[in-house]
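**Student:** For reference, the structure I am asking about is given below.
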Amino acid sequence: MTRALLALGLLALPAHAQTVAPQQLEQSVRVLASDLFEGRAPGTVGEERTIGYLVGRFQALGLEPGGPDGQWVQSVPLLHTRLGQAEVLGVKQGSATTAWTAGKDVYLSTLQPRDKVAISSAPLLFVGYGVSAPERGWDDFKGADLKGKVAVFLINDPDFEAAKGDDAAGKFGDRTMTYYGRWTYKFEEAARRGAVGALIVHDTPGAGYGWNVVVSPGGENYDLVRAPDKLTSLQLQGWIEGGAAARLFAGAGLDLASLRAKARSKGFRPVELKGASFSAAFPVTQDVIKSANVLARIPGAKRPDETVMYGAHWDAYGKGAPDAQGRIYRAGANDDALGIAGLFEIARAFKAGPAPNRSILFAAWTAEERGLLGSEHYAQNPVWPLDKTVANLTIDILQTAGKAKDVILVGKGQGTLEDDLARAAAAQGRVVTPESLPERGLFYRADHFSMAKRGVPVLLMMGIAGASDLVEGGRAAGQAWVDAYTGQCYHQACDAVDTTWKLDGAAQDVDLMLAIGQDLATSTRWPQWKPGSEFKSVRDASATARP
């Protein structure tokens, strides 16, 4: 580590603050979101500087390395791919061939480490919502063979548009998305069944975002580096624009709107798009990026093998086209430099008090913006056993509009940590408000999810999950903040430190996570998943590992 970076690591370290101070949060964010770090993209000079800064900060706070073999970092090799100009792209229906335009009719990418990907005259099979959920009595596949085919899916859950009386009504949490509704699940399921390609029909209400968001990566994708026998079967995966999808189905003599309704029935069976075949060929630029998670630890005094984990992601979007103000770095001041700043302040508070009974792990993840890859790598290769990880407490975006009378809960009904949140909020004179758009599946879109899939109880603090009831301006002001941030600055260069920021509300939320972690670190209890959670059985399977 250079002296300059060590000096950066020593910024904003006043002695033993008992609660989180907004000024300390802002000082850390100003450093991480500065041009020195070049937008904190994995595999860049910006990453090297970020890793050095994070290690310096945790070291200065008195923490120990928490990574493998006593190191501060856990290496995370990433596959990076980008499709070139399409050589072939379209569908043949009967004697007619329709050429598709990448980015207009379909959006595609690959997770295959090849110099070229190609699909030739593959049959298309509509599999409805593509859900295989035996615990809910639901199977969209009915034994259909997907090998060598392109699977076509609807986005979200079977009950997303369900009306009273439909088989799907209430089967998947009504308007609260389950993991079965996420596009990641649908691609995973297609690959498990041997498909060569997968296309999801885009519609804005079901996806929660417009076509412009779908195409924004420009054919680029990331994955963990995998062994050859662990690679996805999908040559290409992506989305088909709604109008193009309707025309494709009509060309096969099918009505997409009618099939949407049929897909809400448990008797639905996959439908072949008769006479239709899909072909595509793209050159691929691919390389392996060496990235890293930063892991810091406070050993437990009595039960060091039991771990309370805090997490936030250090990565952002790096360099991009200049915005209206000429800014080229998409530095993620809020998403998620502010979350990292929160980890520093939580670590400071723990070090200011007596040693916790249980160990505390602070994880600064890489490649969250590329698909939760840093946390997923840790979950596949845990340094500290997951069956003895008490909880994962994740901070990913905090509201910056001031103090609030409430705190937004993401994933209502999943686990008992939401009860801990309610108690901690009540101690602050606040209440809990469930997220306003659960159908968007935010619970499955942050790094805590990598731990949840392995059964670790989780809690996510995410400011964009709903409109906070602000002390100044109420819920209308909270909604105005959400609209402005998500509509203008989310993943853009204007996610920067702003003179209008009021971080006393963010400090409140960090204090909540601190209080919950302190309670868990000094107790002997183990948070649980609630009945009905898809993660409960996973945790239950390791129950004998815990006292």
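In the structure tokens, chains take letters A, B, ... by order of appearance, with residues numbered from 1 within each chain and ligands from 1 in the order shown.
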With segment 271-280 of chain A as the partner and 6 Å as the cut-off, tabulate the residues of segment 39-91 of chain A that qualify, each row holding the nearest pair of atoms and their distance in Å to one decimal, using only C-alpha atoms, sorted by chain and rising number, as CSV.
**Tutor:**
residue,atom,partner,partner_atom,distance
A:Val88,CA,A:Ala280,CA,4.7
A:Leu89,CA,A:Ala280,CA,4.3
A:Gly90,CA,A:Ser279,CA,5.7
A:Val91,CA,A:Phe278,CA,4.6
**Student:** Go ahead and write the selection's residues with N, CA, C and O atoms as a PDB file, in the first residue's frame.
**Tutor:**
ATOM      1  N   VAL A  88     -25.323 -12.879 -37.557  1.00  0.00           N
ATOM      2  CA  VAL A  88     -26.636 -13.440 -37.873  1.00  0.00           C
ATOM      3  C   VAL A  88     -27.528 -13.156 -36.680  1.00  0.00           C
ATOM      4  O   VAL A  88     -27.102 -13.310 -35.533  1.00  0.00           O
ATOM      5  N   LEU A  89     -28.769 -12.737 -36.903  1.00  0.00           N
ATOM      6  CA  LEU A  89     -29.694 -12.533 -35.792  1.00  0.00           C
ATOM      7  C   LEU A  89     -31.120 -12.450 -36.341  1.00  0.00           C
ATOM      8  O   LEU A  89     -31.441 -11.528 -37.099  1.00  0.00           O
ATOM      9  N   GLY A  90     -31.933 -13.416 -35.980  1.00  0.00           N
ATOM     10  CA  GLY A  90     -33.319 -13.359 -36.429  1.00  0.00           C
ATOM     11  C   GLY A  90     -34.039 -14.680 -36.262  1.00  0.00           C
ATOM     12  O   GLY A  90     -33.509 -15.642 -35.695  1.00  0.00           O
ATOM     13  N   VAL A  91     -35.263 -14.708 -36.740  1.00  0.00           N
ATOM     14  CA  VAL A  91     -36.093 -15.910 -36.661  1.00  0.00           C
ATOM     15  C   VAL A  91     -36.613 -16.263 -38.049  1.00  0.00           C
ATOM     16  O   VAL A  91     -36.898 -15.389 -38.862  1.00  0.00           O
TER      17      VAL A  91
END
**Student:** Taking 6 positions as the minimum chain separation for residues in the same chain, which residues sit within 7 Å of segment 519-521 of chain A when counting only C-alpha atoms? Answer as a VMD selection string.
**Tutor:** chain A and resid 308 356 to 358
**Student:** Compare A:Gly415, A:Pro385, A:Gly441, A:Gly43 by their minimum atom-to-atom distance to Ser542 of chain A, counting only C-alpha atoms, and give me the closest one.
**Tutor:**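 Comparing A:Gly415, A:Pro385, A:Gly441, A:Gly43 against Ser542 of chain A, the winner is A:Pro385.
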**Student:** Run DSSP on the backbone of this structure and report the residues of segment 216-390 of chain A it assigns to alpha helix (DSSP H), as a PyMOL selection string.
**Tutor:** chain A and resi 242-251+256-262+339-352+373-380
**Student:** Can you tell me how far atom CA of Gly318 of chain A sits from atom CA of Leu393 of chain A, in Å to one decimal?
**Tutor:**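 Atom CA of Leu393 of chain A lies at a distance of 25.9 Å from atom CA of Gly318 of chain A.
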**Student:** Go through A:Val76, A:Met451, A:Leu398, A:Ala349 and flag the residue nearest Phe535 of chain A, using only C-alpha atoms for the distances.
**Tutor:** A:Met451
**Student:** Counting only C-alpha atoms, what are the residues of segment 145-198 of chain A within 12 Å of segment 99-111 of chain A, and for each of them which pair of atoms is the nearest and at what distance in Å, to one decimal? Sort the table by chain and rising number, as CSV.
**Tutor:**
residue,atom,partner,partner_atom,distance
A:Phe187,CA,A:Leu111,CA,11.0
A:Glu188,CA,A:Leu111,CA,11.6
A:Ala191,CA,A:Leu111,CA,11.3
A:Val196,CA,A:Thr110,CA,10.9
A:Gly197,CA,A:Thr110,CA,9.5
A:Ala198,CA,A:Leu108,CA,9.3
**Student:** Could you save the residues just selected, with all heavy atoms, as a PDB file, in the first residue's frame?
**Tutor:**
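Output file result_7.pdb follows:
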ATOM      1  N   PHE A 187     -33.031 -17.691 -16.199  1.00  0.00           N
ATOM      2  CA  PHE A 187     -31.859 -18.118 -16.963  1.00  0.00           C
ATOM      3  C   PHE A 187     -31.220 -19.357 -16.333  1.00  0.00           C
ATOM      4  O   PHE A 187     -30.789 -20.279 -17.038  1.00  0.00           O
ATOM      5  CB  PHE A 187     -30.837 -16.981 -17.036  1.00  0.00           C
ATOM      6  CG  PHE A 187     -31.284 -15.804 -17.862  1.00  0.00           C
ATOM      7  CD1 PHE A 187     -30.784 -14.529 -17.600  1.00  0.00           C
ATOM      8  CD2 PHE A 187     -32.195 -15.939 -18.890  1.00  0.00           C
ATOM      9  CE1 PHE A 187     -31.179 -13.435 -18.351  1.00  0.00           C
ATOM     10  CE2 PHE A 187     -32.601 -14.853 -19.656  1.00  0.00           C
ATOM     11  CZ  PHE A 187     -32.079 -13.590 -19.379  1.00  0.00           C
ATOM     12  N   GLU A 188     -31.139 -19.378 -15.007  1.00  0.00           N
ATOM     13  CA  GLU A 188     -30.565 -20.541 -14.321  1.00  0.00           C
ATOM     14  C   GLU A 188     -31.376 -21.798 -14.615  1.00  0.00           C
ATOM     15  O   GLU A 188     -30.808 -22.870 -14.853  1.00  0.00           O
ATOM     16  CB  GLU A 188     -30.522 -20.289 -12.809  1.00  0.00           C
ATOM     17  CG  GLU A 188     -29.518 -19.232 -12.377  1.00  0.00           C
ATOM     18  CD  GLU A 188     -29.781 -18.716 -10.956  1.00  0.00           C
ATOM     19  OE1 GLU A 188     -30.713 -19.213 -10.298  1.00  0.00           O
ATOM     20  OE2 GLU A 188     -29.051 -17.809 -10.518  1.00  0.00           O
ATOM     21  N   ALA A 191     -30.800 -23.076 -18.132  1.00  0.00           N
ATOM     22  CA  ALA A 191     -29.503 -23.750 -18.235  1.00  0.00           C
ATOM     23  C   ALA A 191     -29.539 -25.124 -17.560  1.00  0.00           C
ATOM     24  O   ALA A 191     -28.971 -26.091 -18.083  1.00  0.00           O
ATOM     25  CB  ALA A 191     -28.418 -22.877 -17.611  1.00  0.00           C
ATOM     26  N   VAL A 196     -30.128 -23.959 -25.092  1.00  0.00           N
ATOM     27  CA  VAL A 196     -28.982 -23.260 -25.673  1.00  0.00           C
ATOM     28  C   VAL A 196     -29.167 -21.750 -25.630  1.00  0.00           C
ATOM     29  O   VAL A 196     -28.213 -20.993 -25.829  1.00  0.00           O
ATOM     30  CB  VAL A 196     -28.706 -23.702 -27.123  1.00  0.00           C
ATOM     31  CG1 VAL A 196     -28.282 -25.158 -27.157  1.00  0.00           C
ATOM     32  CG2 VAL A 196     -29.917 -23.446 -28.014  1.00  0.00           C
ATOM     33  N   GLY A 197     -30.405 -21.334 -25.402  1.00  0.00           N
ATOM     34  CA  GLY A 197     -30.680 -19.906 -25.319  1.00  0.00           C
ATOM     35  C   GLY A 197     -31.910 -19.661 -24.463  1.00  0.00           C
ATOM     36  O   GLY A 197     -32.710 -20.574 -24.218  1.00  0.00           O
ATOM     37  N   ALA A 198     -32.053 -18.421 -23.989  1.00  0.00           N
ATOM     38  CA  ALA A 198     -33.210 -18.055 -23.174  1.00  0.00           C
ATOM     39  C   ALA A 198     -33.565 -16.609 -23.447  1.00  0.00           C
ATOM     40  O   ALA A 198     -32.698 -15.731 -23.444  1.00  0.00           O
ATOM     41  CB  ALA A 198     -32.923 -18.258 -21.693  1.00  0.00           C
TER      42      ALA A 198
END
**Student:** Any chance you could tabulate, as JSON lines, the residues of segment 149-234 of chain A at most 12 Å from segment 478-488 of chain A with each one's nearest atom pair and distance in Å to one decimal, using only C-alpha atoms, in chain and rising number order?
**Tutor:**
{"residue": "A:Gly208", "atom": "CA", "partner": "A:Thr486", "partner_atom": "CA", "distance": 11.9}
{"residue": "A:Tyr209", "atom": "CA", "partner": "A:Thr486", "partner_atom": "CA", "distance": 10.6}
{"residue": "A:Gly210", "atom": "CA", "partner": "A:Gly487", "partner_atom": "CA", "distance": 11.5}
{"residue": "A:Val213", "atom": "CA", "partner": "A:Gly487", "partner_atom": "CA", "distance": 11.3}
**Student:** Could those selected residues go to a file with N, CA and C atoms, as a PDB file, in the first residue's frame?
**Tutor:**
ATOM      1  N   GLY A 208     -40.298  -4.026 -13.829  1.00  0.00           N
ATOM      2  CA  GLY A 208     -40.043  -2.928 -12.900  1.00  0.00           C
ATOM      3  C   GLY A 208     -39.171  -1.850 -13.496  1.00  0.00           C
ATOM      4  N   TYR A 209     -38.814  -1.983 -14.777  1.00  0.00           N
ATOM      5  CA  TYR A 209     -38.013  -0.970 -15.458  1.00  0.00           C
ATOM      6  C   TYR A 209     -38.245  -1.082 -16.953  1.00  0.00           C
ATOM      7  N   GLY A 210     -37.892  -0.033 -17.658  1.00  0.00           N
ATOM      8  CA  GLY A 210     -38.143   0.052 -19.084  1.00  0.00           C
ATOM      9  C   GLY A 210     -37.094  -0.643 -19.932  1.00  0.00           C
ATOM     10  N   VAL A 213     -33.394   0.382 -19.698  1.00  0.00           N
ATOM     11  CA  VAL A 213     -32.558  -0.213 -18.657  1.00  0.00           C
ATOM     12  C   VAL A 213     -32.039  -1.573 -19.110  1.00  0.00           C
TER      13      VAL A 213
END
